[in-house]
Each structure stands twice: as structure tokens, then as C-alpha cells.
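Asks: Take a look at this one; I'll ask things after.
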Amino acid sequence: MSSDADYAIIDARGRAHLVSIHGEVDLSNAGAVEGQLLARLAEGRCIVDLNGLTFIDSAGLRMLNDLGNRYRLAVVLGPQAVVRRAIEIVGLSATIPTFPTLDEAEASFL
């Protein structure tokens, strides 16, 4: 697998950070992704848009689960998201609030 993941970090109207992750999250870059998320979570709430992910392995899933257990984190995962099935199989939505759209995440999570 490729170890590429791109991040777009956007302030969501001053109430939370929105981090949009594109590409792949796997063992080779899960630590870097976690570092990006931790930098935002240290400042408060964070909404992570996973709709641009094309792959996530167990290291990425574990990282999201661990962060969801420790911080105010929500995930945007639309019905067509490629990684949706992996997120559902491991039950990540039991740990992290998951929303189908950014608007719903902002309305419910913020």
C-alpha cells in the first residue's frame, strides 16, 4: 500500500477544527496522521472528514479509536465512503460520533 495521506485543515467557524483526510492511512503513516489530529485536538473539538480516504488498515482504525476514547472527536463518513465498511465492521461508531454529512456533524457535535 502507498503511504500517502493528504490533510486539509480548515477552521470550522471557530467552534472546531475540520480535518479532511484523503488517500490512505496505514501503518506507515498512521503516526503522522495522529500527530496532525492531536495538534488540533489539543485546541478543542475536531471533526474528521474521512470521505476522501481510499484505504485504512488496522493501524489507522486503532489510531482513530484511541483518539476517540481520549478526545472530543467526530467523524464524517458519507454513505458512499470507500472506508465505510471497515469502520462499521470494527464498531468505531460506538466510540466516535459518526455523521453522514459535515452539516449534521456541526449541528449535532458542536
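Going by the C-alpha cells order, chains are called A, B, ..., each with residues numbered from 1, while ligands are numbered from 1 in the order shown.
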Would you pick out the contacts of Arg70 in chain A at 12 Å or less, using only C-alpha atoms, so that residues sharing its chain but fewer than 2 positions from it are not included, and give the list as a list in words?
Replies: Leu38, Leu41, Ala42, Gly44, Arg45, Met63, Leu64, Asn65, Asp66, Leu67, Gly68, Arg72, Leu73, Ala74, Thr95 and Ile96 of chain A
Asks: Please list as a list in words every residue within 12 Å of Ser108 in chain A, counting only C-alpha atoms and excluding residues in the same chain fewer than 5 positions away.
Replies: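 These residues fall inside the cut-off: Ile47, Ala74, Val75, Val76, Pro97, Thr98, Phe99, Pro100, Thr101, Leu102 and Asp103 of chain A.
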Asks: So that I can check the secondary structure, give me every residue of chain A assigned helix (DSSP H, G or I) by backbone DSSP, as an MDAnalysis selection string.
Replies: chainID A and resid 30:41 58:70 84:89 92:94 102:109
Asks: Could you take the residues named above and write them with N, CA and C atoms, as a CSV table (one decimal), in the first residue's frame?
Replies:
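Full text of again_12.csv as output:
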```csv
chain,number,residue,atom,x,y,z
A,30,ALA,N,0.2,6.2,9.9
A,30,ALA,CA,-0.8,6.4,11.0
A,30,ALA,C,-0.3,7.3,12.1
A,31,GLY,N,1.0,7.2,12.4
A,31,GLY,CA,1.6,8.1,13.4
A,31,GLY,C,1.6,9.6,13.0
A,32,ALA,N,1.9,9.8,11.7
A,32,ALA,CA,1.8,11.2,11.2
A,32,ALA,C,0.4,11.8,11.2
A,33,VAL,N,-0.5,11.0,10.8
A,33,VAL,CA,-1.9,11.4,10.8
A,33,VAL,C,-2.3,11.7,12.3
A,34,GLU,N,-2.0,10.8,13.2
A,34,GLU,CA,-2.3,11.0,14.6
A,34,GLU,C,-1.7,12.3,15.1
A,35,GLY,N,-0.5,12.6,14.7
A,35,GLY,CA,0.2,13.9,15.1
A,35,GLY,C,-0.6,15.1,14.6
A,36,GLN,N,-1.1,15.0,13.4
A,36,GLN,CA,-1.9,16.1,12.8
A,36,GLN,C,-3.2,16.3,13.6
A,37,LEU,N,-3.8,15.2,13.9
A,37,LEU,CA,-5.1,15.2,14.7
A,37,LEU,C,-4.9,15.7,16.1
A,38,LEU,N,-3.8,15.2,16.8
A,38,LEU,CA,-3.5,15.6,18.1
A,38,LEU,C,-3.3,17.1,18.2
A,39,ALA,N,-2.6,17.7,17.2
A,39,ALA,CA,-2.3,19.1,17.2
A,39,ALA,C,-3.7,19.9,17.3
A,40,ARG,N,-4.7,19.4,16.6
A,40,ARG,CA,-6.0,20.1,16.5
A,40,ARG,C,-6.8,19.8,17.8
A,41,LEU,N,-6.7,18.5,18.2
A,41,LEU,CA,-7.5,18.1,19.4
A,41,LEU,C,-7.0,18.8,20.7
A,58,SER,N,-5.6,-1.6,10.0
A,58,SER,CA,-5.9,-1.7,11.4
A,58,SER,C,-5.1,-0.6,12.2
A,59,ALA,N,-4.0,-0.2,11.7
A,59,ALA,CA,-3.2,0.9,12.5
A,59,ALA,C,-4.0,2.2,12.4
A,60,GLY,N,-4.6,2.5,11.3
A,60,GLY,CA,-5.4,3.7,11.2
A,60,GLY,C,-6.7,3.6,12.0
A,61,LEU,N,-7.3,2.4,12.0
A,61,LEU,CA,-8.6,2.2,12.8
A,61,LEU,C,-8.3,2.3,14.3
A,62,ARG,N,-7.2,1.7,14.7
A,62,ARG,CA,-6.8,1.7,16.1
A,62,ARG,C,-6.5,3.2,16.5
A,63,MET,N,-5.8,3.9,15.7
A,63,MET,CA,-5.5,5.3,16.0
A,63,MET,C,-6.7,6.1,16.2
A,64,LEU,N,-7.7,6.0,15.3
A,64,LEU,CA,-9.0,6.7,15.4
A,64,LEU,C,-9.7,6.3,16.7
A,65,ASN,N,-9.7,5.0,17.0
A,65,ASN,CA,-10.4,4.5,18.2
A,65,ASN,C,-9.7,5.1,19.4
A,66,ASP,N,-8.4,5.1,19.5
A,66,ASP,CA,-7.7,5.6,20.7
A,66,ASP,C,-8.0,7.1,20.8
A,67,LEU,N,-7.9,7.8,19.8
A,67,LEU,CA,-8.2,9.3,19.9
A,67,LEU,C,-9.7,9.5,20.3
A,68,GLY,N,-10.6,8.7,19.8
A,68,GLY,CA,-12.0,8.9,20.1
A,68,GLY,C,-12.3,8.6,21.6
A,69,ASN,N,-11.5,7.7,22.2
A,69,ASN,CA,-11.6,7.4,23.6
A,69,ASN,C,-11.1,8.5,24.5
A,70,ARG,N,-10.2,9.3,24.0
A,70,ARG,CA,-9.5,10.3,24.8
A,70,ARG,C,-9.9,11.8,24.5
A,84,ARG,N,-16.1,3.1,4.6
A,84,ARG,CA,-17.3,2.9,5.5
A,84,ARG,C,-17.4,1.5,6.1
A,85,ARG,N,-17.2,0.5,5.2
A,85,ARG,CA,-17.4,-0.9,5.7
A,85,ARG,C,-16.4,-1.3,6.8
A,86,ALA,N,-15.1,-0.8,6.6
A,86,ALA,CA,-14.1,-1.1,7.6
A,86,ALA,C,-14.5,-0.5,8.9
A,87,ILE,N,-15.0,0.8,8.9
A,87,ILE,CA,-15.4,1.5,10.1
A,87,ILE,C,-16.5,0.8,10.8
A,88,GLU,N,-17.5,0.3,10.0
A,88,GLU,CA,-18.7,-0.4,10.5
A,88,GLU,C,-18.3,-1.7,11.1
A,89,ILE,N,-17.4,-2.5,10.5
A,89,ILE,CA,-17.0,-3.8,11.0
A,89,ILE,C,-16.4,-3.8,12.3
A,92,LEU,N,-16.5,1.3,15.1
A,92,LEU,CA,-15.9,2.6,15.5
A,92,LEU,C,-16.9,3.6,15.9
A,93,SER,N,-18.1,3.5,15.3
A,93,SER,CA,-19.2,4.5,15.7
A,93,SER,C,-19.7,4.3,17.1
A,94,ALA,N,-19.3,3.2,17.8
A,94,ALA,CA,-19.7,3.1,19.2
A,94,ALA,C,-18.7,4.0,20.0
A,102,LEU,N,-21.1,16.9,6.8
A,102,LEU,CA,-20.5,17.9,7.7
A,102,LEU,C,-21.6,18.7,8.4
A,103,ASP,N,-22.6,19.1,7.7
A,103,ASP,CA,-23.7,19.9,8.3
A,103,ASP,C,-24.3,19.2,9.5
A,104,GLU,N,-24.5,17.9,9.4
A,104,GLU,CA,-25.1,17.1,10.5
A,104,GLU,C,-24.1,17.0,11.7
A,105,ALA,N,-22.8,16.9,11.3
A,105,ALA,CA,-21.8,16.8,12.4
A,105,ALA,C,-21.7,18.1,13.1
A,106,GLU,N,-21.7,19.3,12.4
A,106,GLU,CA,-21.7,20.6,13.0
A,106,GLU,C,-22.9,20.8,13.9
A,107,ALA,N,-24.1,20.4,13.4
A,107,ALA,CA,-25.3,20.7,14.1
A,107,ALA,C,-25.4,19.8,15.4
A,108,SER,N,-24.9,18.6,15.3
A,108,SER,CA,-25.1,17.7,16.5
A,108,SER,C,-23.9,17.7,17.4
A,109,PHE,N,-22.7,17.9,16.9
A,109,PHE,CA,-21.5,17.7,17.7
A,109,PHE,C,-21.0,19.0,18.3
```
Asks: To one decimal in Å, tell me the separation between CA of Asp26 in chain A and CA of Glu43 in chain A.
Replies: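 Result for CA of Asp26 in chain A versus CA of Glu43 in chain A: 25.2 Å, one decimal.
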Asks: Record the distance separating CA of Val48 in chain A and CA of Gly78 in chain A, expressed in Å with one decimal.
Replies: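 Straight-line distance from CA of Val48 in chain A to CA of Gly78 in chain A works out to 11.9 Å.
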Asks: Mind listing the strand (DSSP E or B) residues of chain A, per DSSP on the backbone, as a ChimeraX atom specification?
Replies: /A:5-12,16-25,46-56,73-76,98-99
Asks: Please report the interatomic distance between CA of Val25 in chain A and CA of Thr54 in chain A in Å with one decimal.
Replies: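 One can read the CA of Val25 in chain A to CA of Thr54 in chain A distance as 8.5 Å.
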Asks: Have a look at A:Val82, A:Val90, A:Ile56, A:Cys46 and name the one nearest to Ala16 in chain A; count only C-alpha atoms.
Replies: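 With only C-alpha atoms as the atom set, the closest residue is A:Cys46.
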